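Novice: File name work-v1.cif; file contents mmCIF, N, CA and C atoms; full text below.
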```
data_coords
#
loop_
_atom_site.label_atom_id
_atom_site.label_comp_id
_atom_site.auth_asym_id
_atom_site.auth_seq_id
_atom_site.Cartn_x
_atom_site.Cartn_y
_atom_site.Cartn_z
N MET E 1 155.68 146.03 116.57
CA MET E 1 156.60 145.24 115.79
C MET E 1 156.54 145.72 114.33
N THR E 2 157.68 145.86 113.72
CA THR E 2 157.74 146.28 112.32
C THR E 2 157.70 145.06 111.41
N TRP E 3 157.43 145.29 110.10
CA TRP E 3 157.44 144.18 109.15
C TRP E 3 158.84 143.58 109.04
N ALA E 4 159.88 144.38 109.19
CA ALA E 4 161.24 143.85 109.15
C ALA E 4 161.47 142.90 110.32
N GLU E 5 161.00 143.27 111.51
CA GLU E 5 161.14 142.40 112.68
C GLU E 5 160.32 141.12 112.51
N ILE E 6 159.15 141.24 111.93
CA ILE E 6 158.29 140.08 111.70
C ILE E 6 158.97 139.12 110.74
N SER E 7 159.52 139.63 109.66
CA SER E 7 160.13 138.77 108.65
C SER E 7 161.42 138.11 109.15
N GLN E 8 162.01 138.64 110.20
CA GLN E 8 163.24 138.06 110.74
C GLN E 8 162.98 137.09 111.88
N ALA E 9 161.71 136.91 112.27
CA ALA E 9 161.39 136.00 113.37
C ALA E 9 161.83 134.58 113.02
N ALA E 10 162.73 134.03 113.76
CA ALA E 10 163.31 132.72 113.45
C ALA E 10 162.50 131.59 114.09
N GLY E 11 162.70 130.39 113.58
CA GLY E 11 162.13 129.22 114.22
C GLY E 11 161.35 128.30 113.32
N GLY E 12 160.95 128.75 112.15
CA GLY E 12 160.19 127.88 111.26
C GLY E 12 161.03 126.74 110.74
N ARG E 13 160.43 125.58 110.62
CA ARG E 13 161.16 124.38 110.21
C ARG E 13 161.66 124.48 108.77
N ARG E 14 160.82 124.83 107.84
CA ARG E 14 161.20 124.81 106.42
C ARG E 14 161.79 126.12 105.93
N HIS E 15 161.18 127.20 106.34
CA HIS E 15 161.57 128.50 105.79
C HIS E 15 162.55 129.26 106.68
N GLY E 16 162.85 128.72 107.85
CA GLY E 16 163.70 129.45 108.77
C GLY E 16 162.99 130.68 109.29
N ASN E 17 161.66 130.68 109.19
CA ASN E 17 160.89 131.85 109.57
C ASN E 17 159.49 131.42 110.01
N ASN E 18 159.02 131.99 111.08
CA ASN E 18 157.68 131.67 111.57
C ASN E 18 156.58 132.34 110.75
N HIS E 19 156.87 133.44 110.14
CA HIS E 19 155.89 134.23 109.40
C HIS E 19 156.38 134.38 107.97
N HIS E 20 155.50 134.12 107.00
CA HIS E 20 155.96 134.13 105.61
C HIS E 20 154.78 134.21 104.66
N PHE E 21 155.06 134.48 103.41
CA PHE E 21 154.04 134.46 102.38
C PHE E 21 153.76 133.03 101.95
N VAL E 22 152.51 132.78 101.56
CA VAL E 22 152.07 131.48 101.05
C VAL E 22 151.41 131.73 99.70
N ASN E 23 151.84 131.02 98.68
CA ASN E 23 151.23 131.16 97.36
C ASN E 23 149.77 130.72 97.42
N VAL E 24 148.90 131.46 96.75
CA VAL E 24 147.48 131.13 96.72
C VAL E 24 147.26 129.73 96.18
N GLU E 25 148.09 129.31 95.24
CA GLU E 25 147.94 127.96 94.67
C GLU E 25 148.19 126.86 95.70
N ASP E 26 148.82 127.20 96.83
CA ASP E 26 149.06 126.22 97.89
C ASP E 26 147.91 126.13 98.89
N LEU E 27 146.93 127.02 98.78
CA LEU E 27 145.76 126.98 99.65
C LEU E 27 144.85 125.83 99.24
N THR E 28 143.99 125.42 100.14
CA THR E 28 142.99 124.42 99.79
C THR E 28 142.05 125.01 98.74
N ARG E 29 141.37 124.13 98.02
CA ARG E 29 140.40 124.60 97.02
C ARG E 29 139.30 125.42 97.67
N LYS E 30 138.90 125.02 98.86
CA LYS E 30 137.87 125.75 99.60
C LYS E 30 138.33 127.18 99.91
N ALA E 31 139.57 127.34 100.33
CA ALA E 31 140.11 128.67 100.62
C ALA E 31 140.23 129.50 99.34
N GLN E 32 140.67 128.87 98.25
CA GLN E 32 140.75 129.58 96.97
C GLN E 32 139.37 130.04 96.51
N LYS E 33 138.38 129.19 96.70
CA LYS E 33 137.00 129.55 96.33
C LYS E 33 136.53 130.73 97.17
N ARG E 34 136.86 130.72 98.45
CA ARG E 34 136.45 131.82 99.33
C ARG E 34 137.10 133.14 98.90
N LEU E 35 138.36 133.09 98.49
CA LEU E 35 139.01 134.30 97.99
C LEU E 35 138.24 134.86 96.78
N SER E 36 137.79 133.98 95.92
CA SER E 36 137.01 134.39 94.76
C SER E 36 135.69 135.01 95.19
N GLU E 37 135.02 134.41 96.16
CA GLU E 37 133.74 134.91 96.64
C GLU E 37 133.84 136.31 97.24
N ILE E 38 134.96 136.58 97.90
CA ILE E 38 135.13 137.91 98.51
C ILE E 38 135.91 138.86 97.61
N ARG E 39 136.06 138.46 96.36
CA ARG E 39 136.70 139.27 95.32
C ARG E 39 138.15 139.64 95.66
N GLN E 40 138.85 138.66 96.17
CA GLN E 40 140.27 138.83 96.47
C GLN E 40 141.10 137.81 95.69
N ASP E 41 140.56 137.30 94.60
CA ASP E 41 141.24 136.25 93.84
C ASP E 41 142.27 136.79 92.85
N ASP E 42 142.56 138.08 92.93
CA ASP E 42 143.56 138.68 92.05
C ASP E 42 144.94 138.76 92.71
N ILE E 43 145.07 138.19 93.90
CA ILE E 43 146.36 138.21 94.60
C ILE E 43 147.11 136.91 94.34
N ASP E 44 148.42 136.96 94.45
CA ASP E 44 149.26 135.79 94.22
C ASP E 44 149.62 135.05 95.50
N ALA E 45 149.63 135.78 96.62
CA ALA E 45 150.06 135.18 97.88
C ALA E 45 149.35 135.85 99.05
N ILE E 46 149.19 135.08 100.13
CA ILE E 46 148.70 135.63 101.38
C ILE E 46 149.82 135.51 102.41
N PHE E 47 149.68 136.22 103.52
CA PHE E 47 150.72 136.19 104.55
C PHE E 47 150.26 135.32 105.71
N SER E 48 151.17 134.50 106.22
CA SER E 48 150.90 133.59 107.32
C SER E 48 151.65 134.04 108.57
N PHE E 49 150.91 134.21 109.67
CA PHE E 49 151.51 134.45 110.97
C PHE E 49 151.38 133.17 111.79
N ARG E 50 152.47 132.69 112.32
CA ARG E 50 152.44 131.52 113.21
C ARG E 50 152.18 132.02 114.62
N LEU E 51 151.06 131.59 115.20
CA LEU E 51 150.74 131.96 116.58
C LEU E 51 151.24 130.90 117.55
N THR E 52 151.01 129.63 117.19
CA THR E 52 151.51 128.50 117.97
C THR E 52 151.91 127.43 116.95
N ALA E 53 152.36 126.28 117.44
CA ALA E 53 152.76 125.21 116.53
C ALA E 53 151.62 124.79 115.61
N ARG E 54 150.38 124.88 116.08
CA ARG E 54 149.23 124.42 115.29
C ARG E 54 148.24 125.52 114.93
N THR E 55 148.56 126.75 115.23
CA THR E 55 147.61 127.83 114.97
C THR E 55 148.25 128.90 114.10
N ARG E 56 147.53 129.29 113.06
CA ARG E 56 147.99 130.35 112.15
C ARG E 56 146.88 131.36 111.93
N ILE E 57 147.26 132.56 111.54
CA ILE E 57 146.31 133.51 110.96
C ILE E 57 146.85 133.86 109.58
N TYR E 58 145.94 134.03 108.65
CA TYR E 58 146.29 134.33 107.27
C TYR E 58 145.59 135.60 106.84
N GLY E 59 146.28 136.35 106.00
CA GLY E 59 145.67 137.57 105.50
C GLY E 59 146.45 138.15 104.34
N ILE E 60 145.98 139.30 103.92
CA ILE E 60 146.59 140.01 102.81
C ILE E 60 147.43 141.14 103.37
N ARG E 61 148.68 141.20 102.95
CA ARG E 61 149.56 142.29 103.37
C ARG E 61 149.59 143.32 102.25
N GLU E 62 149.16 144.52 102.57
CA GLU E 62 149.20 145.63 101.63
C GLU E 62 150.00 146.75 102.28
N SER E 63 151.24 146.91 101.82
CA SER E 63 152.15 147.90 102.38
C SER E 63 152.32 147.60 103.88
N ARG E 64 151.91 148.52 104.74
CA ARG E 64 152.07 148.32 106.18
C ARG E 64 150.82 147.72 106.83
N ILE E 65 149.80 147.46 106.04
CA ILE E 65 148.52 146.99 106.55
C ILE E 65 148.37 145.48 106.37
N PHE E 66 147.81 144.82 107.36
CA PHE E 66 147.50 143.40 107.28
C PHE E 66 145.99 143.24 107.38
N LYS E 67 145.38 142.66 106.36
CA LYS E 67 143.94 142.43 106.33
C LYS E 67 143.68 140.97 106.65
N LEU E 68 143.15 140.71 107.83
CA LEU E 68 142.93 139.36 108.30
C LEU E 68 141.86 138.65 107.48
N LEU E 69 142.19 137.43 107.01
CA LEU E 69 141.24 136.61 106.27
C LEU E 69 140.78 135.40 107.07
N TRP E 70 141.73 134.65 107.67
CA TRP E 70 141.40 133.40 108.35
C TRP E 70 142.15 133.26 109.65
N TYR E 71 141.46 132.71 110.62
CA TYR E 71 142.06 132.17 111.83
C TYR E 71 142.04 130.67 111.63
N ASP E 72 143.18 130.02 111.70
CA ASP E 72 143.28 128.59 111.40
C ASP E 72 143.87 127.83 112.57
N PRO E 73 143.01 127.23 113.42
CA PRO E 73 143.52 126.44 114.54
C PRO E 73 143.83 125.00 114.15
N PHE E 74 143.76 124.68 112.85
CA PHE E 74 143.91 123.30 112.38
C PHE E 74 145.14 123.11 111.50
N HIS E 75 146.19 123.86 111.71
CA HIS E 75 147.36 123.80 110.83
C HIS E 75 147.93 122.39 110.69
N ALA E 76 147.84 121.59 111.73
CA ALA E 76 148.40 120.24 111.69
C ALA E 76 147.44 119.21 111.10
N ASP E 77 146.23 119.61 110.74
CA ASP E 77 145.21 118.68 110.23
C ASP E 77 144.91 119.01 108.77
N ASN E 78 145.48 118.27 107.85
CA ASN E 78 145.32 118.56 106.42
C ASN E 78 143.87 118.51 105.95
N ARG E 79 142.99 117.85 106.69
CA ARG E 79 141.58 117.81 106.30
C ARG E 79 140.86 119.11 106.59
N LYS E 80 141.38 119.91 107.55
CA LYS E 80 140.71 121.13 107.97
C LYS E 80 141.52 122.41 107.74
N ALA E 81 142.81 122.30 107.55
CA ALA E 81 143.69 123.46 107.48
C ALA E 81 143.43 124.31 106.24
N VAL E 82 143.71 125.60 106.34
CA VAL E 82 143.63 126.51 105.19
C VAL E 82 144.76 126.20 104.22
N VAL E 83 145.94 125.93 104.76
CA VAL E 83 147.10 125.56 103.95
C VAL E 83 147.56 124.18 104.43
N PRO E 84 147.33 123.15 103.64
CA PRO E 84 147.76 121.80 104.05
C PRO E 84 149.28 121.71 104.17
N ILE E 85 149.72 120.88 105.10
CA ILE E 85 151.14 120.65 105.27
C ILE E 85 151.57 119.66 104.19
N SER E 86 152.63 119.98 103.47
CA SER E 86 153.14 119.09 102.43
C SER E 86 153.68 117.82 103.07
N THR E 87 153.46 116.72 102.37
CA THR E 87 153.96 115.45 102.90
C THR E 87 155.12 114.96 102.05
#
```
Here is the file; what I need is its structure written in the form of structure tokens.

Specialist:
Amino acid sequence: MTWAEISQAAGGRRHGNNHHFVNVEDLTRKAQKRLSEIRQDDIDAIFSFRLTARTRIYGIRESRIFKLLWYDPFHADNRKAVVPIST
């Protein structure tokens, strides 16, 4: 699958897309702290892949490469999710 095909994947409720960038400021404080610990706090956004309705993987997209950061099976649980769902 190409990045163009990924970005055109339809079905997301808000963005019209299942896979999209997420601003670092929208991550939980714990996730932001972890980015700092692994010296990746100089990025503005991470990329989110929707695997299922409640499961995401997050990482850094650099050109054609995706560097996996988190597997998040708690997308629907704001207490545990890497990126809380806005209310």

Novice: Distance atom C of Ala31 in chain E-CA of Met1 in chain E, one decimal place?

Specialist: 28.0 Å

Novice: Just the strand (DSSP E) stuff from chain E, please, per backbone DSSP, written as a list in words.

Specialist: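 Secondary structure check on chain E, strand (DSSP E): His20, Phe21, Val22, Asn23, Ala45, Ile46, Phe47, Ser48, Phe49, Arg50, Leu51, Thr52, Thr55, Arg56, Ile57, Tyr58, Gly59, Ile60, Arg61, Glu62, Ile65, Phe66, Lys67, Leu68, Leu69, Trp70, Tyr71 and Asp72 of chain E.
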
Novice: What lies within 7 Å of Phe49 in chain E using only C-alpha atoms, ignoring chain neighbours under 4 positions off, as a PyMOL selection string?

Specialist: chain E and resi 18-20+56-58

Novice: So how many Å separate atom C of Arg39 in chain E and atom C of Pro84 in chain E, to one decimal?

Specialist: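 Here the two named atoms are 22.8 Å from each other.
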
Novice: Determine the nearest neighbour of Ala45 in chain E from the options E:Ala4, E:Ile65, E:Val24, E:Val83, counting only N, CA and C atoms.

Specialist: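 Going through E:Ala4, E:Ile65, E:Val24, E:Val83 one by one, the smallest distance to Ala45 in chain E is for E:Val24.
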